[in-house]
Structure formats: C-alpha cells, structure tokens
file my_file-v6.cif (mmCIF, C-alpha atoms)
data_query
loop_
_atom_site.label_atom_id
_atom_site.label_comp_id
_atom_site.auth_asym_id
_atom_site.auth_seq_id
_atom_site.Cartn_x
_atom_site.Cartn_y
_atom_site.Cartn_z
CA MET G 1 78.64 57.76 125.07
CA VAL G 2 79.29 59.53 121.75
CA ALA G 3 81.40 62.19 123.47
CA ARG G 4 83.58 59.53 125.04
CA ARG G 5 84.22 57.92 121.69
CA ARG G 6 85.21 61.20 120.05
CA LYS G 7 87.48 62.23 122.90
CA ARG G 8 91.08 61.02 122.71
CA ALA G 9 91.79 59.37 126.01
CA VAL G 10 95.21 59.73 127.60
CA ARG G 11 96.25 56.38 129.02
CA GLU G 12 99.14 55.28 131.18
CA SER G 13 101.61 52.75 129.86
CA ASP G 14 103.23 49.99 131.89
CA SER G 15 105.99 52.38 132.95
CA GLY G 16 103.46 54.93 134.23
CA VAL G 17 103.99 57.39 131.37
CA PRO G 18 100.71 58.88 130.04
CA THR G 19 100.39 58.08 126.34
CA LEU G 20 98.20 59.36 123.55
CA PRO G 21 97.38 57.07 120.60
CA GLY G 22 99.45 58.01 117.57
CA TYR G 23 101.79 60.30 119.53
CA SER G 24 105.15 59.93 121.24
CA ALA G 25 105.54 61.38 124.75
CA ILE G 26 108.57 63.56 125.57
CA PRO G 27 108.94 64.40 129.30
CA ILE G 28 110.10 67.92 130.17
CA LYS G 29 110.75 69.75 133.44
CA PHE G 30 110.75 73.46 134.08
CA SER G 31 113.92 73.18 136.18
CA GLU G 32 115.97 70.65 138.10
CA LYS G 33 114.02 71.43 141.29
CA GLN G 34 110.79 70.18 139.76
CA GLN G 35 110.10 66.57 140.67
CA SER G 36 107.18 65.73 138.35
CA SER G 37 107.47 65.86 134.59
CA HIS G 38 105.25 67.47 132.00
CA TYR G 39 104.76 65.58 128.74
CA LEU G 40 104.83 66.90 125.20
CA TYR G 41 102.98 64.73 122.68
CA VAL G 42 104.64 64.78 119.26
CA ARG G 43 104.10 63.18 115.88
CA GLU G 44 105.00 63.79 112.27
CA HIS G 45 102.82 66.46 110.69
CA LYS G 46 100.45 64.94 108.13
CA VAL G 47 97.50 66.33 106.17
CA ARG G 48 94.82 64.80 104.04
CA GLU G 49 95.48 64.23 100.36
CA GLY G 50 94.65 67.34 98.36
CA THR G 51 94.93 69.68 101.36
CA LYS G 52 97.54 72.43 101.18
CA SER G 53 99.69 73.04 104.24
CA PRO G 54 102.40 75.66 104.86
CA TRP G 55 104.53 73.05 106.63
CA PRO G 56 106.21 70.23 104.67
CA PRO G 57 104.88 66.93 106.06
CA LYS G 58 108.16 65.00 106.15
CA ARG G 59 110.14 67.77 107.84
CA THR G 60 107.54 69.12 110.30
CA LEU G 61 106.98 67.94 113.86
CA PHE G 62 103.54 68.57 115.36
CA VAL G 63 103.63 69.14 119.14
CA LEU G 64 100.67 69.03 121.55
CA ASN G 65 100.32 70.10 125.20
CA VAL G 66 102.88 72.91 125.08
CA PRO G 67 102.79 74.71 128.48
CA PRO G 68 102.58 78.51 128.69
CA TYR G 69 106.15 78.89 130.00
CA CYS G 70 107.58 77.03 127.01
CA THR G 71 108.24 79.63 124.29
CA GLU G 72 109.36 79.22 120.70
CA GLU G 73 112.97 79.79 121.77
CA CYS G 74 112.64 77.02 124.38
CA LEU G 75 111.31 74.53 121.84
CA LEU G 76 114.07 75.49 119.44
CA ARG G 77 116.70 74.84 122.10
CA LEU G 78 115.09 71.58 123.29
CA LEU G 79 114.74 70.07 119.81
CA SER G 80 117.91 71.45 118.18
CA PRO G 81 119.95 68.33 119.24
CA CYS G 82 117.78 66.31 116.83
CA GLY G 83 118.90 68.43 113.89
CA PRO G 84 118.96 72.00 112.57
CA VAL G 85 115.60 73.69 113.10
CA GLN G 86 114.34 76.04 110.40
CA SER G 87 111.38 77.58 112.25
CA VAL G 88 109.09 77.12 115.27
CA GLU G 89 105.54 78.47 115.45
CA LEU G 90 103.12 78.34 118.39
CA GLN G 91 99.37 78.44 117.81
CA GLU G 92 96.21 78.28 119.88
CA LYS G 93 94.86 75.30 117.91
CA PRO G 94 95.88 73.20 114.90
CA GLU G 95 95.33 74.58 111.42
CA LEU G 96 93.47 72.24 109.08
CA ALA G 97 94.31 74.14 105.87
CA GLU G 98 96.58 76.87 104.63
CA SER G 99 95.34 80.38 105.40
CA PRO G 100 96.78 83.82 104.55
CA LYS G 101 98.86 85.35 107.32
CA GLU G 102 99.99 88.87 107.94
CA PRO G 103 103.75 89.43 108.08
CA PRO G 104 105.04 89.68 111.66
CA SER G 105 105.54 93.19 112.95
CA LYS G 106 108.76 94.31 114.57
CA PHE G 107 107.02 96.53 117.10
CA PHE G 108 103.48 95.22 117.53
CA HIS G 109 103.25 91.69 118.87
CA PRO G 110 100.08 89.59 118.70
CA LYS G 111 98.09 89.01 121.86
CA PRO G 112 99.54 86.01 123.73
CA VAL G 113 97.40 82.90 123.85
CA PRO G 114 96.52 81.93 127.43
CA GLY G 115 96.86 78.32 128.46
CA PHE G 116 98.37 75.40 126.58
CA GLN G 117 99.19 75.60 122.89
CA VAL G 118 100.26 73.53 119.90
CA ALA G 119 103.49 73.96 117.96
CA TYR G 120 104.81 73.29 114.48
CA VAL G 121 108.56 72.65 114.38
CA LEU G 122 110.07 72.70 110.90
CA PHE G 123 113.42 70.93 110.53
CA GLN G 124 115.85 71.30 107.66
CA LYS G 125 116.25 67.52 107.21
CA PRO G 126 113.57 64.79 107.27
CA GLY G 127 115.67 62.57 109.58
CA SER G 128 115.39 65.11 112.38
CA VAL G 129 111.69 64.28 112.82
CA SER G 130 112.50 60.61 113.53
CA ALA G 131 115.19 61.68 116.02
CA ALA G 132 112.69 63.94 117.80
CA LEU G 133 110.16 61.12 118.05
CA ALA G 134 112.80 58.97 119.76
CA LEU G 135 113.67 61.53 122.47
CA LYS G 136 113.46 60.19 126.03
CA GLY G 137 114.18 63.09 128.36
CA PRO G 138 113.38 64.58 130.73
CA LEU G 139 114.40 67.83 129.03
CA LEU G 140 115.00 70.96 131.10
CA VAL G 141 113.26 74.13 129.97
CA SER G 142 115.04 76.56 132.30
CA THR G 143 118.77 76.11 132.92
CA GLU G 144 121.54 78.27 134.33
CA SER G 145 122.79 79.15 130.86
CA HIS G 146 119.27 79.69 129.48
CA PRO G 147 117.00 80.82 132.35
CA VAL G 148 113.27 81.16 131.64
CA ARG G 149 111.40 83.80 133.58
CA SER G 150 107.99 83.09 135.02
CA GLY G 151 105.45 84.79 137.25
CA VAL G 152 105.83 88.50 137.94
CA LEU G 153 109.25 88.70 136.27
CA LYS G 154 107.77 87.33 133.05
CA TRP G 155 104.91 89.85 133.17
CA ILE G 156 107.35 92.72 133.69
CA ARG G 157 109.49 91.57 130.77
CA ASP G 158 106.45 91.16 128.50
CA TYR G 159 105.26 94.66 129.36
CA THR G 160 108.70 96.13 128.76
CA ASP G 161 108.99 94.39 125.40
CA SER G 162 105.53 95.60 124.37
CA VAL G 163 106.60 99.28 124.59
CA PRO G 164 108.38 100.15 121.31
CA ASP G 165 111.26 102.59 120.99
CA PRO G 166 109.78 105.87 119.61
CA GLU G 167 112.77 106.65 117.40
CA ALA G 168 112.96 103.14 115.93
CA LEU G 169 109.19 103.17 115.39
CA ARG G 170 109.41 106.53 113.59
CA VAL G 171 112.14 105.21 111.29
CA GLU G 172 110.06 102.11 110.53
CA VAL G 173 106.91 104.15 109.78
CA ASP G 174 108.84 106.61 107.58
CA ALA G 175 110.36 103.74 105.61
CA PHE G 176 106.94 102.14 105.16
CA MET G 177 105.37 105.42 103.98
CA GLU G 178 108.22 106.03 101.52
CA THR G 179 107.70 102.58 100.04
CA TYR G 180 103.95 103.16 99.88
CA ASP G 181 104.29 106.57 98.20
CA ARG G 182 106.74 105.12 95.67
CA LYS G 183 104.29 102.32 94.88
CA ILE G 184 101.39 104.76 94.39
CA ALA G 185 103.51 106.98 92.14
CA GLU G 186 104.50 104.00 89.98
CA GLU G 187 100.85 102.93 89.67
CA GLU G 188 99.79 106.44 88.65
CA THR G 189 102.59 106.69 86.07
CA LYS G 190 101.67 103.31 84.64
CA ALA G 191 97.98 104.27 84.48
CA LYS G 192 98.78 107.51 82.62
CA GLU G 193 100.91 105.63 80.11
CA GLU G 194 98.16 103.06 79.47
CA GLU G 195 95.36 105.65 79.25
CA GLY G 196 93.88 105.73 75.73
CA VAL G 197 96.31 103.13 74.39
CA PRO G 198 94.58 100.08 72.81
CA ASP G 199 95.78 96.63 73.79
CA GLU G 200 96.65 93.73 71.47
CA GLU G 201 92.98 93.07 70.67
CA GLY G 202 92.18 96.72 70.05
CA TRP G 203 90.34 97.40 73.33
CA VAL G 204 90.93 100.67 75.17
CA LYS G 205 91.00 100.47 78.95
CA VAL G 206 88.66 103.04 80.51
CA THR G 207 89.71 104.27 83.95
CA ARG G 208 88.39 106.85 86.37
CA ARG G 209 91.14 109.23 85.36
CA GLY G 210 89.27 110.04 82.17
CA ARG G 211 86.42 111.62 84.09
CA ARG G 212 86.33 115.05 85.66
CA PRO G 213 88.65 115.07 88.64
CA VAL G 214 87.00 115.51 92.01
CA LEU G 215 88.50 118.01 94.40
CA PRO G 216 89.41 116.57 97.77
CA ARG G 217 87.06 117.69 100.53
CA THR G 218 88.78 119.37 103.44
CA GLU G 219 87.54 119.33 107.00
CA ALA G 220 86.20 122.89 106.77
CA ALA G 221 84.26 122.06 103.60
CA SER G 222 82.81 118.97 105.21
CA LEU G 223 81.64 121.02 108.19
CA ARG G 224 79.97 123.55 105.89
CA VAL G 225 78.13 120.78 104.04
CA LEU G 226 76.95 119.26 107.32
CA GLU G 227 75.74 122.64 108.60
CA ARG G 228 73.85 123.26 105.34
CA GLU G 229 72.15 119.89 105.60
CA ARG G 230 71.23 120.56 109.23
CA ARG G 231 69.57 123.90 108.37
CA LYS G 232 67.71 122.30 105.47
CA ARG G 233 66.33 119.59 107.76
CA ALA G 234 65.37 122.20 110.36
CA ARG G 235 63.29 124.14 107.78
CA LYS G 236 61.29 121.08 106.86
CA GLU G 237 58.11 120.46 108.75
CA LEU G 238 57.66 117.15 110.50
CA LEU G 239 54.81 115.68 108.54
CA ASN G 240 52.77 112.74 109.87
CA PHE G 241 54.83 112.66 113.04
CA TYR G 242 52.02 112.74 115.60
CA ALA G 243 48.81 110.68 115.73
CA TRP G 244 46.56 113.71 115.20
CA GLN G 245 48.52 114.54 112.05
CA HIS G 246 47.83 111.05 110.74
CA ARG G 247 44.09 111.48 111.45
CA GLU G 248 43.91 114.89 109.77
CA THR G 249 45.77 113.63 106.72
CA LYS G 250 43.35 110.72 106.34
CA MET G 251 40.29 113.00 106.77
CA GLU G 252 41.60 115.42 104.15
CA HIS G 253 42.26 112.58 101.75
CA ILE G 254 38.72 111.20 102.24
CA ALA G 255 37.20 114.66 101.74
CA GLN G 256 39.12 115.08 98.48
CA LEU G 257 37.92 111.70 97.25
CA ARG G 258 34.28 112.58 98.07
CA LYS G 259 34.56 115.96 96.33
CA LYS G 260 36.03 114.31 93.24
CA PHE G 261 33.28 111.68 93.31
CA GLU G 262 30.54 114.34 93.34
CA GLU G 263 32.23 116.21 90.48
CA ASP G 264 32.42 113.02 88.46
CA LYS G 265 28.70 112.32 89.08
CA GLN G 266 27.74 115.77 87.87
CA ARG G 267 29.89 115.41 84.77
CA ILE G 268 28.34 112.03 83.94
CA GLU G 269 24.78 113.42 84.34
CA LEU G 270 25.65 116.30 82.03
CA MET G 271 27.04 113.93 79.42
CA ARG G 272 23.89 111.78 79.57
CA ALA G 273 21.64 114.84 79.13
CA GLN G 274 23.54 115.93 76.04
CA ARG G 275 23.18 112.48 74.44
CA LYS G 276 19.32 112.43 74.51
CA PHE G 277 17.51 111.89 71.11
CA ARG G 278 15.49 114.93 70.00
CA PRO G 279 13.82 114.37 66.57
CA TYR G 280 12.06 117.77 66.55
#
call {"tool": "encode", "arguments": {"input": "my_file-v6.cif", "output": "structure tokens"}}
result
Amino acid sequence: MVARRRKRAVRESDSGVPTLPGYSAIPIKFSEKQQSSHYLYVREHKVREGTKSPWPPKRTLFVLNVPPYCTEECLLRLLSPCGPVQSVELQEKPELAESPKEPPSKFFHPKPVPGFQVAYVLFQKPGSVSAALALKGPLLVSTESHPVRSGVLKWIRDYTDSVPDPEALRVEVDAFMETYDRKIAEEETKAKEEEGVPDEEGWVKVTRRGRRPVLPRTEAASLRVLERERRKRARKELLNFYAWQHRETKMEHIAQLRKKFEEDKQRIELMRAQRKFRPY
C-alpha cells in the first residue's frame, strides 16, 4: 500500500493520452510509418529553495521518458521551434543537487546509458519553456532530411565513432602535455621565488624544497632494492611458524623462569643469613 502511494501513476485522460501529474505529455513518433506514439513528459525544471542547480529554473525544461533512439541532437531539433536552445544533456536519472563534472573529452566518450533516460533542455529565453509545454505533436524523430539510425546500423556507427584518429589523438595529447609542463614550470618558478621570503605578517613559508633533494628511483634501482630485500628475508629463519616451534619456545621460556626463580631463592636465603644477630 505504501509503495502504491509513493509511485507516480500514469493515467489516461479523456482523449486516451497517458498523463503524469504535474507534467505535460508530448507525443513523438520514430518515423511516419509508426502508428502508435511515444510520449515525453515535460515540465519546468524546479529545485528546492537553497539547493544549487547547474540549470537555471526558468529557462530549463525537464524531460522524462526519453527513448534510447532519441539523442541530444534529436531533442535539440524537436524543441528548437519553441525557441533557441542553448544546451541539451541526457542523464540516467535526475540530479538533486549540483555536482562536479569532468570536462567532455573529444576522443573518449562516456559509456552509453541503456534504456530510457531523462533530459535537461536549456533555452536562451524563459518564454521557450512555456512554448515547449504547449506542444501537441506528434513530432517525428527520424525524417528524410534528418534520418536517425537504429539497430545494427546504429551499433556500427557507434563503434566507428568510438575509434579515435591516431594522429588527432597524438596532437591532442601533445598539446595537453605541453600545457601541463608549462603549468608545472610556473609553479616551480613561483615556489623558488617565494622560498625564504617572509609574508606580510613576517611568516616564512617552509616547503619541501628546503630539504635534501631525493634522487628519482629508476627501474633498475628499484629491482636491486627488491632483490636485496628478498635475500634478507631468505636469510631470516622462520620463527614460531610450526606448532612444535611454539611448544619448544614455551618450554624454554618456562625453564628460564624456573631457573631464575631458584636463583632468586638462593639469593634471598643468603641475604637472610647475613642479617642474623651475633652479639659475640
């Protein structure tokens, strides 16, 4: 009973269109040959007060039930008549708060999300969201001017796009490494300039550069260190490894305690004999 209350039920209106409370339904078709329509459920993107969101609420359209064949380019083309679209982003599930994201790579694409997705469509003007909510449709995803591949053709295209051009990849990696080396050189120069120089309050920043520099360990040196450690471990005897070694160690320890006890008894008797009173 609790699960039914929490679950948002999709109901059919008087016209037979399935509706979702709080959402507007936009019918779409993959092509003109398709007889039945698929419905996108859209509403204006809103967040709770005090929650940060990367999408402006008044200019962002939140879309549910996006089918796998509907890409970001398809949504951009379907919703562009409502107004200029700034960006479209597909996700596996809605984001409740702002989270750090890695910049998109030109050569390495994220793993595609199987099944239906959600989308955030950011318009340039707030009035475009109201126009999108009033769309009737049905909208065609695949047309003669903009065909959408599906099935085996889509898999072949995805595989072909996933293989980067070696020369372009080399240029991109070289550019990244040049930028990284330049950044490291600037940080080292800045650290050398600030070394030993007091700040406004008279404090001197102590860095690792003031210590004795450590030579980088090469692969050959690492192998020599590992071999030395292996020989050192081989020379050591495995103490207390077997059960009989445990027993012998305990017996030796008990024998030492008994020997020490007897020595202490003899020493105490000797001390008592020396303390006797002898008047004559």
call {"tool": "closest_residue", "arguments": {"input": "my_file-v6.cif", "among": "G:Glu229, G:Glu72, G:Glu263, G:Glu167", "to": "Val141 of chain G", "atoms": "only C-alpha atoms"}}
result
G:Glu72
call {"tool": "closest_residue", "arguments": {"input": "my_file-v6.cif", "among": "G:Met251, G:Leu90, G:Cys82, G:Val66", "to": "Lys125 of chain G", "atoms": "all atoms listed in the file"}}
result
G:Cys82
call {"tool": "resolve_selection", "arguments": {"input": "my_file-v6.cif", "expression": "the PyMOL selection byres ((chain G and resi 68) around 10)", "output": "MDAnalysis selection string"}}
result
chainID G and resid 65:67 69:71 112:117 150
call {"tool": "closest_residue", "arguments": {"input": "my_file-v6.cif", "among": "G:Arg43, G:Arg272, G:Arg267, G:Lys260", "to": "Leu135 of chain G", "atoms": "all atoms listed in the file"}}
result
G:Arg43
call {"tool": "atom_distance", "arguments": {"input": "my_file-v6.cif", "atom1": "atom CA of Ser145 of chain G", "atom2": "atom CA of Leu76 of chain G"}}
result
14.8 Å
call {"tool": "resolve_selection", "arguments": {"input": "my_file-v6.cif", "expression": "the PyMOL selection byres ((chain G and resi 132) around 9)", "output": "ChimeraX atom specification"}}
result
/G:26,42-43,61,79,81-83,127-131,133-135
call {"tool": "resolve_selection", "arguments": {"input": "my_file-v6.cif", "expression": "the PyMOL selection byres ((chain G and resi 84-87) around 6)", "output": "mmCIF file with C-alpha atoms, in the coordinates of the input"}}
result
data_model
loop_
_atom_site.group_PDB
_atom_site.id
_atom_site.type_symbol
_atom_site.label_atom_id
_atom_site.label_comp_id
_atom_site.auth_asym_id
_atom_site.auth_seq_id
_atom_site.Cartn_x
_atom_site.Cartn_y
_atom_site.Cartn_z
ATOM 1 C CA SER G 80 117.910 71.450 118.180
ATOM 2 C CA GLY G 83 118.900 68.430 113.890
ATOM 3 C CA VAL G 88 109.090 77.120 115.270
ATOM 4 C CA LEU G 122 110.070 72.700 110.900
ATOM 5 C CA PHE G 123 113.420 70.930 110.530
ATOM 6 C CA GLN G 124 115.850 71.300 107.660
#
call {"tool": "atom_distance", "arguments": {"input": "my_file-v6.cif", "atom1": "atom CA of Arg157 of chain G", "atom2": "atom CA of Pro94 of chain G"}}
result
27.8 Å
call {"tool": "closest_residue", "arguments": {"input": "my_file-v6.cif", "among": "G:Ser37, G:His146, G:Leu223, G:Glu95", "to": "Thr51 of chain G", "atoms": "all atoms listed in the file"}}
result
G:Glu95
call {"tool": "atom_distance", "arguments": {"input": "my_file-v6.cif", "atom1": "atom CA of Leu140 of chain G", "atom2": "atom CA of His38 of chain G"}}
result
10.4 Å
call {"tool": "closest_residue", "arguments": {"input": "my_file-v6.cif", "among": "G:Pro126, G:Ser142, G:Arg182, G:Ala243", "to": "Glu73 of chain G", "atoms": "all atoms listed in the file"}}
result
G:Ser142
call {"tool": "decode", "arguments": {"input": "my_file-v6.cif", "residues": "segment 10-49 of chain G", "atoms": "N, CA and C atoms", "output": "PDB file, in the first residue's frame"}}
result
ATOM      1  N   VAL G  10       0.699   6.642 -13.939  1.00  0.00           N
ATOM      2  CA  VAL G  10       0.387   7.230 -15.241  1.00  0.00           C
ATOM      3  C   VAL G  10      -1.071   6.909 -15.563  1.00  0.00           C
ATOM      4  N   ARG G  11      -1.859   7.942 -15.760  1.00  0.00           N
ATOM      5  CA  ARG G  11      -3.277   7.755 -16.021  1.00  0.00           C
ATOM      6  C   ARG G  11      -3.613   8.216 -17.435  1.00  0.00           C
ATOM      7  N   GLU G  12      -4.735   7.740 -17.928  1.00  0.00           N
ATOM      8  CA  GLU G  12      -5.200   8.137 -19.247  1.00  0.00           C
ATOM      9  C   GLU G  12      -6.260   9.221 -19.097  1.00  0.00           C
ATOM     10  N   SER G  13      -6.129  10.255 -19.933  1.00  0.00           N
ATOM     11  CA  SER G  13      -7.111  11.332 -19.917  1.00  0.00           C
ATOM     12  C   SER G  13      -8.326  10.920 -20.735  1.00  0.00           C
ATOM     13  N   ASP G  14      -9.264  11.848 -20.869  1.00  0.00           N
ATOM     14  CA  ASP G  14     -10.481  11.553 -21.635  1.00  0.00           C
ATOM     15  C   ASP G  14     -10.180  11.280 -23.100  1.00  0.00           C
ATOM     16  N   SER G  15      -9.119  11.887 -23.617  1.00  0.00           N
ATOM     17  CA  SER G  15      -8.746  11.670 -25.024  1.00  0.00           C
ATOM     18  C   SER G  15      -7.898  10.432 -25.225  1.00  0.00           C
ATOM     19  N   GLY G  16      -7.612   9.684 -24.161  1.00  0.00           N
ATOM     20  CA  GLY G  16      -6.813   8.473 -24.284  1.00  0.00           C
ATOM     21  C   GLY G  16      -5.324   8.697 -24.182  1.00  0.00           C
ATOM     22  N   VAL G  17      -4.883   9.915 -23.905  1.00  0.00           N
ATOM     23  CA  VAL G  17      -3.458  10.219 -23.785  1.00  0.00           C
ATOM     24  C   VAL G  17      -3.004   9.929 -22.359  1.00  0.00           C
ATOM     25  N   PRO G  18      -1.974   9.116 -22.151  1.00  0.00           N
ATOM     26  CA  PRO G  18      -1.484   8.864 -20.790  1.00  0.00           C
ATOM     27  C   PRO G  18      -0.866  10.122 -20.202  1.00  0.00           C
ATOM     28  N   THR G  19      -1.279  10.481 -19.004  1.00  0.00           N
ATOM     29  CA  THR G  19      -0.810  11.707 -18.355  1.00  0.00           C
ATOM     30  C   THR G  19      -0.094  11.362 -17.061  1.00  0.00           C
ATOM     31  N   LEU G  20       0.766  12.268 -16.648  1.00  0.00           N
ATOM     32  CA  LEU G  20       1.503  12.155 -15.405  1.00  0.00           C
ATOM     33  C   LEU G  20       1.270  13.432 -14.618  1.00  0.00           C
ATOM     34  N   PRO G  21       0.837  13.350 -13.374  1.00  0.00           N
ATOM     35  CA  PRO G  21       0.531  14.566 -12.611  1.00  0.00           C
ATOM     36  C   PRO G  21       1.714  15.522 -12.548  1.00  0.00           C
ATOM     37  N   GLY G  22       1.456  16.782 -12.913  1.00  0.00           N
ATOM     38  CA  GLY G  22       2.496  17.797 -12.889  1.00  0.00           C
ATOM     39  C   GLY G  22       3.309  17.892 -14.156  1.00  0.00           C
ATOM     40  N   TYR G  23       3.038  17.048 -15.145  1.00  0.00           N
ATOM     41  CA  TYR G  23       3.796  17.022 -16.393  1.00  0.00           C
ATOM     42  C   TYR G  23       2.855  17.205 -17.581  1.00  0.00           C
ATOM     43  N   SER G  24       3.418  17.728 -18.658  1.00  0.00           N
ATOM     44  CA  SER G  24       2.708  17.807 -19.932  1.00  0.00           C
ATOM     45  C   SER G  24       3.234  16.711 -20.843  1.00  0.00           C
ATOM     46  N   ALA G  25       2.333  16.078 -21.601  1.00  0.00           N
ATOM     47  CA  ALA G  25       2.705  14.963 -22.482  1.00  0.00           C
ATOM     48  C   ALA G  25       2.883  15.466 -23.907  1.00  0.00           C
ATOM     49  N   ILE G  26       4.037  15.129 -24.505  1.00  0.00           N
ATOM     50  CA  ILE G  26       4.319  15.481 -25.900  1.00  0.00           C
ATOM     51  C   ILE G  26       4.452  14.181 -26.684  1.00  0.00           C
ATOM     52  N   PRO G  27       3.547  13.889 -27.625  1.00  0.00           N
ATOM     53  CA  PRO G  27       3.673  12.640 -28.398  1.00  0.00           C
ATOM     54  C   PRO G  27       4.759  12.757 -29.462  1.00  0.00           C
ATOM     55  N   ILE G  28       5.531  11.695 -29.621  1.00  0.00           N
ATOM     56  CA  ILE G  28       6.554  11.634 -30.663  1.00  0.00           C
ATOM     57  C   ILE G  28       6.446  10.288 -31.360  1.00  0.00           C
ATOM     58  N   LYS G  29       6.916  10.235 -32.606  1.00  0.00           N
ATOM     59  CA  LYS G  29       6.986   9.007 -33.388  1.00  0.00           C
ATOM     60  C   LYS G  29       8.383   8.885 -33.970  1.00  0.00           C
ATOM     61  N   PHE G  30       8.852   7.629 -34.064  1.00  0.00           N
ATOM     62  CA  PHE G  30      10.176   7.437 -34.633  1.00  0.00           C
ATOM     63  C   PHE G  30      10.194   7.824 -36.108  1.00  0.00           C
ATOM     64  N   SER G  31       9.134   7.454 -36.831  1.00  0.00           N
ATOM     65  CA  SER G  31       9.026   7.796 -38.255  1.00  0.00           C
ATOM     66  C   SER G  31       7.547   7.861 -38.618  1.00  0.00           C
ATOM     67  N   GLU G  32       7.282   8.212 -39.860  1.00  0.00           N
ATOM     68  CA  GLU G  32       5.899   8.296 -40.320  1.00  0.00           C
ATOM     69  C   GLU G  32       5.238   6.918 -40.390  1.00  0.00           C
ATOM     70  N   LYS G  33       6.016   5.854 -40.540  1.00  0.00           N
ATOM     71  CA  LYS G  33       5.458   4.513 -40.635  1.00  0.00           C
ATOM     72  C   LYS G  33       4.930   4.011 -39.287  1.00  0.00           C
ATOM     73  N   GLN G  34       5.417   4.584 -38.227  1.00  0.00           N
ATOM     74  CA  GLN G  34       4.980   4.132 -36.903  1.00  0.00           C
ATOM     75  C   GLN G  34       3.566   4.638 -36.620  1.00  0.00           C
ATOM     76  N   GLN G  35       2.707   3.739 -36.192  1.00  0.00           N
ATOM     77  CA  GLN G  35       1.313   4.106 -35.946  1.00  0.00           C
ATOM     78  C   GLN G  35       1.098   4.623 -34.524  1.00  0.00           C
ATOM     79  N   SER G  36       1.672   3.957 -33.526  1.00  0.00           N
ATOM     80  CA  SER G  36       1.500   4.384 -32.141  1.00  0.00           C
ATOM     81  C   SER G  36       2.530   5.445 -31.782  1.00  0.00           C
ATOM     82  N   SER G  37       2.173   6.258 -30.818  1.00  0.00           N
ATOM     83  CA  SER G  37       3.041   7.358 -30.394  1.00  0.00           C
ATOM     84  C   SER G  37       3.689   7.034 -29.050  1.00  0.00           C
ATOM     85  N   HIS G  38       4.876   7.584 -28.892  1.00  0.00           N
ATOM     86  CA  HIS G  38       5.580   7.537 -27.610  1.00  0.00           C
ATOM     87  C   HIS G  38       5.467   8.927 -26.977  1.00  0.00           C
ATOM     88  N   TYR G  39       5.365   8.989 -25.663  1.00  0.00           N
ATOM     89  CA  TYR G  39       5.090  10.261 -25.004  1.00  0.00           C
ATOM     90  C   TYR G  39       6.284  10.689 -24.150  1.00  0.00           C
ATOM     91  N   LEU G  40       6.684  11.940 -24.360  1.00  0.00           N
ATOM     92  CA  LEU G  40       7.657  12.588 -23.496  1.00  0.00           C
ATOM     93  C   LEU G  40       6.904  13.407 -22.453  1.00  0.00           C
ATOM     94  N   TYR G  41       7.310  13.300 -21.198  1.00  0.00           N
ATOM     95  CA  TYR G  41       6.665  14.045 -20.125  1.00  0.00           C
ATOM     96  C   TYR G  41       7.600  15.186 -19.714  1.00  0.00           C
ATOM     97  N   VAL G  42       7.121  16.405 -19.844  1.00  0.00           N
ATOM     98  CA  VAL G  42       7.963  17.585 -19.652  1.00  0.00           C
ATOM     99  C   VAL G  42       7.332  18.491 -18.595  1.00  0.00           C
ATOM    100  N   ARG G  43       8.202  19.237 -17.945  1.00  0.00           N
ATOM    101  CA  ARG G  43       7.780  20.290 -17.015  1.00  0.00           C
ATOM    102  C   ARG G  43       8.947  21.244 -16.825  1.00  0.00           C
ATOM    103  N   GLU G  44       8.640  22.390 -16.247  1.00  0.00           N
ATOM    104  CA  GLU G  44       9.691  23.363 -15.965  1.00  0.00           C
ATOM    105  C   GLU G  44      10.574  22.842 -14.833  1.00  0.00           C
ATOM    106  N   HIS G  45      11.874  22.977 -15.010  1.00  0.00           N
ATOM    107  CA  HIS G  45      12.822  22.490 -14.009  1.00  0.00           C
ATOM    108  C   HIS G  45      12.765  23.379 -12.767  1.00  0.00           C
ATOM    109  N   LYS G  46      12.522  22.765 -11.614  1.00  0.00           N
ATOM    110  CA  LYS G  46      12.460  23.480 -10.348  1.00  0.00           C
ATOM    111  C   LYS G  46      13.230  22.694  -9.298  1.00  0.00           C
ATOM    112  N   VAL G  47      13.837  23.429  -8.372  1.00  0.00           N
ATOM    113  CA  VAL G  47      14.574  22.818  -7.262  1.00  0.00           C
ATOM    114  C   VAL G  47      14.098  23.448  -5.966  1.00  0.00           C
ATOM    115  N   ARG G  48      14.425  22.776  -4.869  1.00  0.00           N
ATOM    116  CA  ARG G  48      14.045  23.305  -3.572  1.00  0.00           C
ATOM    117  C   ARG G  48      14.832  24.559  -3.246  1.00  0.00           C
ATOM    118  N   GLU G  49      14.244  25.383  -2.397  1.00  0.00           N
ATOM    119  CA  GLU G  49      14.898  26.633  -2.008  1.00  0.00           C
ATOM    120  C   GLU G  49      16.178  26.328  -1.239  1.00  0.00           C
TER     121      GLU G  49
END
